[in-house]
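Next up, final-v7.csv (CSV, C-alpha atoms):
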```
chain,number,residue,atom,x,y,z
A,1,MET,CA,81.8,156.2,-162.3
A,2,ALA,CA,78.1,155.6,-162.9
A,3,SER,CA,75.5,157.4,-160.9
A,4,THR,CA,74.7,155.6,-157.6
A,5,ALA,CA,71.0,156.4,-157.9
A,6,PRO,CA,68.8,153.4,-158.2
A,7,ARG,CA,68.4,152.2,-161.8
A,8,PRO,CA,64.9,153.1,-163.0
A,9,HIS,CA,62.6,150.1,-163.3
A,10,PRO,CA,62.1,149.5,-167.0
A,11,ALA,CA,58.8,148.8,-168.7
A,12,PRO,CA,58.1,145.2,-169.4
A,13,ARG,CA,59.5,143.7,-172.5
A,14,THR,CA,56.8,144.3,-175.1
A,15,ALA,CA,58.9,145.2,-178.1
A,16,PRO,CA,62.4,144.5,-179.3
A,17,LEU,CA,65.1,146.5,-177.7
A,18,THR,CA,65.8,149.8,-179.5
A,19,VAL,CA,68.5,152.2,-178.3
A,20,GLY,CA,69.0,155.7,-179.6
A,21,PHE,CA,72.4,157.5,-179.5
A,22,ASP,CA,73.3,161.1,-180.0
A,23,LEU,CA,76.3,161.6,-182.2
A,24,ASP,CA,78.6,164.6,-181.3
A,25,MET,CA,80.4,164.1,-178.0
A,26,THR,CA,78.4,160.9,-177.3
A,27,LEU,CA,79.6,158.5,-180.0
A,28,ILE,CA,82.3,160.7,-181.5
A,29,ASP,CA,84.7,163.4,-180.5
A,30,SER,CA,84.0,165.9,-183.3
A,31,ARG,CA,85.7,168.9,-181.6
A,32,PRO,CA,88.9,168.8,-183.8
A,33,GLY,CA,86.8,168.5,-187.0
A,34,ILE,CA,84.2,171.1,-186.1
A,35,ALA,CA,87.0,173.5,-185.1
A,36,ALA,CA,88.7,172.9,-188.5
A,37,ALA,CA,85.4,173.5,-190.4
A,38,TYR,CA,84.8,176.8,-188.5
A,39,ARG,CA,88.4,177.9,-189.2
A,40,ALA,CA,87.8,177.3,-192.9
A,41,LEU,CA,84.5,179.2,-192.8
A,42,SER,CA,86.2,182.1,-191.0
A,43,ALA,CA,89.1,182.2,-193.5
A,44,GLU,CA,86.6,182.2,-196.4
A,45,THR,CA,84.2,184.8,-195.0
A,46,GLY,CA,86.7,187.0,-193.1
A,47,VAL,CA,84.4,186.7,-190.0
A,48,HIS,CA,86.2,186.1,-186.7
A,49,ILE,CA,85.1,182.9,-185.0
A,50,ASP,CA,86.6,181.6,-181.8
A,51,ASP,CA,86.7,177.9,-182.6
A,52,ALA,CA,87.8,177.0,-179.1
A,53,LEU,CA,84.7,178.6,-177.7
A,54,VAL,CA,82.5,176.9,-180.3
A,55,VAL,CA,83.7,173.4,-179.5
A,56,SER,CA,83.2,174.0,-175.8
A,57,ARG,CA,79.4,174.2,-176.3
A,58,ILE,CA,78.7,171.6,-179.0
A,59,GLY,CA,75.2,170.3,-179.0
A,60,PRO,CA,72.5,172.8,-180.2
A,61,PRO,CA,71.8,173.3,-183.9
A,62,LEU,CA,74.4,174.9,-186.1
A,63,GLU,CA,72.4,178.1,-186.7
A,64,GLU,CA,72.3,178.8,-183.0
A,65,GLU,CA,76.1,178.9,-182.9
A,66,LEU,CA,76.5,180.8,-186.1
A,67,ALA,CA,74.2,183.5,-184.7
A,68,HIS,CA,76.9,184.4,-182.3
A,69,TRP,CA,79.3,185.3,-185.2
A,70,PHE,CA,77.2,186.4,-188.1
A,71,PRO,CA,74.4,189.0,-188.6
A,72,ALA,CA,71.0,187.4,-188.5
A,73,ALA,CA,70.5,187.9,-192.3
A,74,GLU,CA,73.7,186.0,-193.0
A,75,VAL,CA,73.2,183.0,-190.7
A,76,ALA,CA,71.4,180.8,-193.2
A,77,ALA,CA,74.0,181.3,-196.0
A,78,ALA,CA,76.8,180.8,-193.5
A,79,GLY,CA,75.1,177.5,-192.4
A,80,ASP,CA,74.8,176.3,-196.0
A,81,ARG,CA,78.5,177.1,-196.7
A,82,TYR,CA,79.6,175.4,-193.4
A,83,ARG,CA,77.8,172.2,-194.3
A,84,GLU,CA,79.5,172.3,-197.8
A,85,LEU,CA,83.0,172.8,-196.2
A,86,TYR,CA,82.4,170.2,-193.5
A,87,PRO,CA,83.2,166.9,-195.4
A,88,ASP,CA,86.6,168.2,-196.5
A,89,HIS,CA,87.6,169.5,-193.1
A,90,ALA,CA,85.8,167.8,-190.3
A,91,ILE,CA,85.6,164.1,-191.1
A,92,ALA,CA,89.2,163.0,-191.0
A,93,PRO,CA,90.1,164.7,-187.6
A,94,THR,CA,87.2,163.3,-185.8
A,95,THR,CA,87.6,160.1,-183.6
A,96,ALA,CA,85.3,157.6,-182.0
A,97,LEU,CA,84.8,158.1,-178.2
A,98,ALA,CA,85.8,155.3,-175.9
A,99,GLY,CA,83.2,152.7,-175.7
A,100,ALA,CA,81.3,153.9,-178.8
A,101,ARG,CA,81.7,150.8,-181.0
A,102,ASP,CA,81.3,148.5,-178.0
A,103,SER,CA,78.0,150.2,-177.0
A,104,VAL,CA,76.5,149.8,-180.5
A,105,ALA,CA,77.7,146.2,-180.5
A,106,ALA,CA,76.1,145.6,-177.0
A,107,VAL,CA,72.7,146.6,-178.4
A,108,ARG,CA,73.1,144.1,-181.3
A,109,ALA,CA,74.3,141.4,-179.0
A,110,LEU,CA,71.0,141.6,-177.1
A,111,GLY,CA,69.1,141.3,-180.4
A,112,GLY,CA,68.3,145.0,-180.5
A,113,ARG,CA,68.5,147.9,-182.9
A,114,ALA,CA,70.8,150.9,-182.5
A,115,ILE,CA,69.8,154.2,-184.1
A,116,VAL,CA,71.5,157.6,-184.2
A,117,VAL,CA,69.4,160.7,-183.7
A,118,THR,CA,71.4,163.9,-184.0
A,119,ALA,CA,71.1,167.7,-184.5
A,120,LYS,CA,73.8,167.3,-187.2
A,121,TYR,CA,73.1,167.6,-190.9
A,122,GLU,CA,72.2,164.0,-191.7
A,123,PRO,CA,74.6,163.5,-194.7
A,124,ASN,CA,77.5,164.7,-192.7
A,125,ALA,CA,76.5,162.5,-189.7
A,126,LYS,CA,76.5,159.5,-192.0
A,127,LEU,CA,80.0,160.4,-193.3
A,128,HIS,CA,81.3,160.4,-189.7
A,129,LEU,CA,79.8,157.0,-189.0
A,130,ALA,CA,81.1,155.4,-192.2
A,131,HIS,CA,84.6,156.9,-191.7
A,132,LEU,CA,84.8,155.5,-188.2
A,133,GLY,CA,83.2,152.1,-188.9
A,134,ILE,CA,80.2,152.6,-186.7
A,135,GLU,CA,77.1,151.1,-188.3
A,136,PRO,CA,73.8,151.9,-186.7
A,137,ASP,CA,70.5,150.6,-188.1
A,138,ALA,CA,69.2,154.0,-188.8
A,139,VAL,CA,70.5,157.6,-188.8
A,140,VAL,CA,68.1,160.6,-188.3
A,141,GLY,CA,69.6,164.1,-188.5
A,142,TRP,CA,68.6,167.8,-188.0
A,143,LEU,CA,66.6,167.2,-184.8
A,144,TRP,CA,67.3,169.0,-181.5
A,145,ALA,CA,66.0,168.6,-178.0
A,146,GLU,CA,62.3,167.8,-177.9
A,147,ALA,CA,62.2,167.3,-181.6
A,148,LYS,CA,64.4,164.2,-181.2
A,149,GLY,CA,61.5,162.6,-179.4
A,150,GLU,CA,59.6,162.4,-182.7
A,151,ALA,CA,62.2,160.1,-184.3
A,152,LEU,CA,62.7,158.1,-181.1
A,153,ARG,CA,59.0,157.4,-180.9
A,154,GLU,CA,58.9,156.5,-184.5
A,155,HIS,CA,61.6,153.9,-184.1
A,156,GLY,CA,60.2,152.6,-180.7
A,157,ALA,CA,63.3,153.5,-178.7
A,158,GLN,CA,63.2,152.6,-175.1
A,159,VAL,CA,66.5,154.3,-174.3
A,160,TYR,CA,68.2,157.4,-175.6
A,161,VAL,CA,71.9,158.1,-174.8
A,162,GLY,CA,73.3,161.6,-175.0
A,163,ASP,CA,75.7,164.1,-173.5
A,164,HIS,CA,73.6,167.3,-173.4
A,165,THR,CA,70.6,168.5,-171.5
A,166,GLY,CA,68.9,168.8,-174.9
A,167,ASP,CA,69.3,165.0,-175.3
A,168,VAL,CA,67.6,164.5,-171.9
A,169,ARG,CA,64.7,166.6,-173.1
A,170,GLY,CA,64.5,164.6,-176.3
A,171,ALA,CA,64.4,161.3,-174.3
A,172,ARG,CA,61.7,162.6,-172.0
A,173,ALA,CA,59.6,163.9,-175.0
A,174,ALA,CA,59.7,160.3,-176.4
A,175,GLY,CA,58.9,158.6,-173.1
A,176,ALA,CA,62.3,156.9,-173.3
A,177,LEU,CA,64.8,156.3,-170.5
A,178,SER,CA,67.4,159.1,-170.5
A,179,VAL,CA,71.0,157.8,-170.2
A,180,ALA,CA,73.5,160.6,-170.1
A,181,VAL,CA,77.3,160.6,-170.4
A,182,THR,CA,79.6,163.3,-169.2
A,183,THR,CA,81.8,163.4,-172.3
A,184,GLY,CA,80.2,166.6,-173.6
A,185,PRO,CA,79.7,170.1,-172.3
A,186,CYS,CA,77.2,169.2,-169.5
A,187,ASP,CA,78.4,167.9,-166.2
A,188,ALA,CA,76.7,165.2,-164.1
A,189,GLN,CA,74.9,167.7,-161.9
A,190,GLU,CA,73.4,169.5,-165.0
A,191,LEU,CA,72.3,166.3,-166.6
A,192,ARG,CA,70.6,165.0,-163.4
A,193,ALA,CA,68.9,168.4,-162.9
A,194,ALA,CA,67.6,168.2,-166.4
A,195,GLY,CA,66.0,164.8,-165.6
A,196,ALA,CA,68.5,162.2,-166.7
A,197,ASP,CA,67.5,158.8,-165.3
A,198,VAL,CA,71.1,157.4,-165.4
A,199,VAL,CA,74.4,159.3,-165.6
A,200,LEU,CA,77.6,157.5,-166.7
A,201,ASP,CA,81.1,158.8,-167.0
A,202,ASP,CA,81.3,157.6,-170.6
A,203,LEU,CA,80.2,154.8,-172.9
A,204,THR,CA,82.7,152.3,-171.6
A,205,GLU,CA,80.1,151.9,-168.7
A,206,PHE,CA,77.2,151.5,-171.1
A,207,PRO,CA,77.3,147.8,-172.2
A,208,ALA,CA,77.2,146.5,-168.6
A,209,TRP,CA,74.4,148.9,-167.7
A,210,LEU,CA,72.4,147.9,-170.8
A,211,ARG,CA,72.7,144.2,-170.0
A,212,ALA,CA,71.3,144.8,-166.6
A,213,PHE,CA,68.6,147.0,-168.0
A,214,GLU,CA,67.5,144.3,-170.5
A,215,ALA,CA,67.6,141.6,-167.8
A,216,ASP,CA,65.3,143.7,-165.7
A,217,ARG,CA,63.0,144.4,-168.7
A,218,ALA,CA,62.8,140.7,-169.4
A,219,ALA,CA,61.9,139.9,-165.8
A,220,ALA,CA,59.3,142.7,-165.5
```
Write the structure described by the file as structure tokens, please.
Amino acid sequence: MASTAPRPHPAPRTAPLTVGFDLDMTLIDSRPGIAAAYRALSAETGVHIDDALVVSRIGPPLEEELAHWFPAAEVAAAGDRYRELYPDHAIAPTTALAGARDSVAAVRALGGRAIVVTAKYEPNAKLHLAHLGIEPDAVVGWLWAEAKGEALREHGAQVYVGDHTGDVRGARAAGALSVAVTTGPCDAQELRAAGADVVLDDLTEFPAWLRAFEADRAAA
């Protein structure tokens, strides 16, 4: 269930509603696809990679994960090859998380814009969204944690939704409200401790929350 903490009072409505969403484990369950891409990389390079461990900590940039398995001098090349392998192995097995499409639709129903800001390589992020029929107004890739704040500020996002403490940091860097979902590797306690303003079980709770948020913003 949603956090019982009081909903933060939103700033007055001075601009059209813009909501940012993280991608992996917020809008999509990419664990099967990422695991498949890592298995392909492992088979090609001969480097052992525990794909179950990898998908238990999705969120940070690819190179941070690859550094656990490859010597430092080989990480960049491994990353390039992983991104090349990704479309053929990771797109088809990935599914939309419950409430993902409805959450994007809820933003649009309120006259707002929905954007995706993700640490994933942008072309591959767009492949996922197209495959699953999720159509945001903009997609910005290759940004992690506080760096996400740059894109969120550029697009005027008042809210950023994510599943990782890094997403909370990105929202705070942008001065946006941090809405966290517990569908990724971080639990509710971790997300609150990182500074999340709102914690939801998953995106099925988001449309109702957003309607209340926008009503409050209109009244402020």
TODO: Tell me, as a PyMOL selection string, which residues lie within 12 Å of A:Gly184, counting all atoms listed in the file; anything in the same chain fewer than 5 positions away does not count.
DONE: chain A and resi 22-31+55-60+97+161-167+190-191+200-203
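The space separating atom CA of A:Phe21 from atom CA of A:Ile91 comes to 18.8 Å.
The space between atom CA of A:Asp102 and atom CA of A:Leu127 spans 19.4 Å.
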TODO: Between A:Leu210, A:Ala180, A:Val168, A:Arg153, single out the one closest to A:Gly195, counting only C-alpha atoms.
DONE: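 Ranking A:Leu210, A:Ala180, A:Val168, A:Arg153 by distance to A:Gly195, first place goes to A:Val168.
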Task: Nearest residue to A:Thr118 from the set A:Gly20, A:Asp50, A:Val181, A:Asp80 (distances using all atoms listed in the file) - done: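 Looking only at the distances to A:Thr118, the closest residue turns out to be A:Gly20.
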Task: Distance criterion (only C-alpha atoms): nearest to A:Gly99 out of A:Glu135, A:Glu205, A:Asp216, A:Glu44 - done: A:Glu205
Open item on the list: When you count only C-alpha atoms, which of these residues is closest to A:Thr182: A:Trp69, A:Glu84, A:His155, A:Ala196?
Closed with: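 Selected residue with least distance to A:Thr182: A:Ala196.
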Open item on the list: So the first atom is atom CA of A:Ala67 and the second is atom CA of A:Gly79; what is the distance between them in Å, to one decimal place?
Closed with: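 Value for the atom CA of A:Ala67-atom CA of A:Gly79 distance: 9.8 Å.
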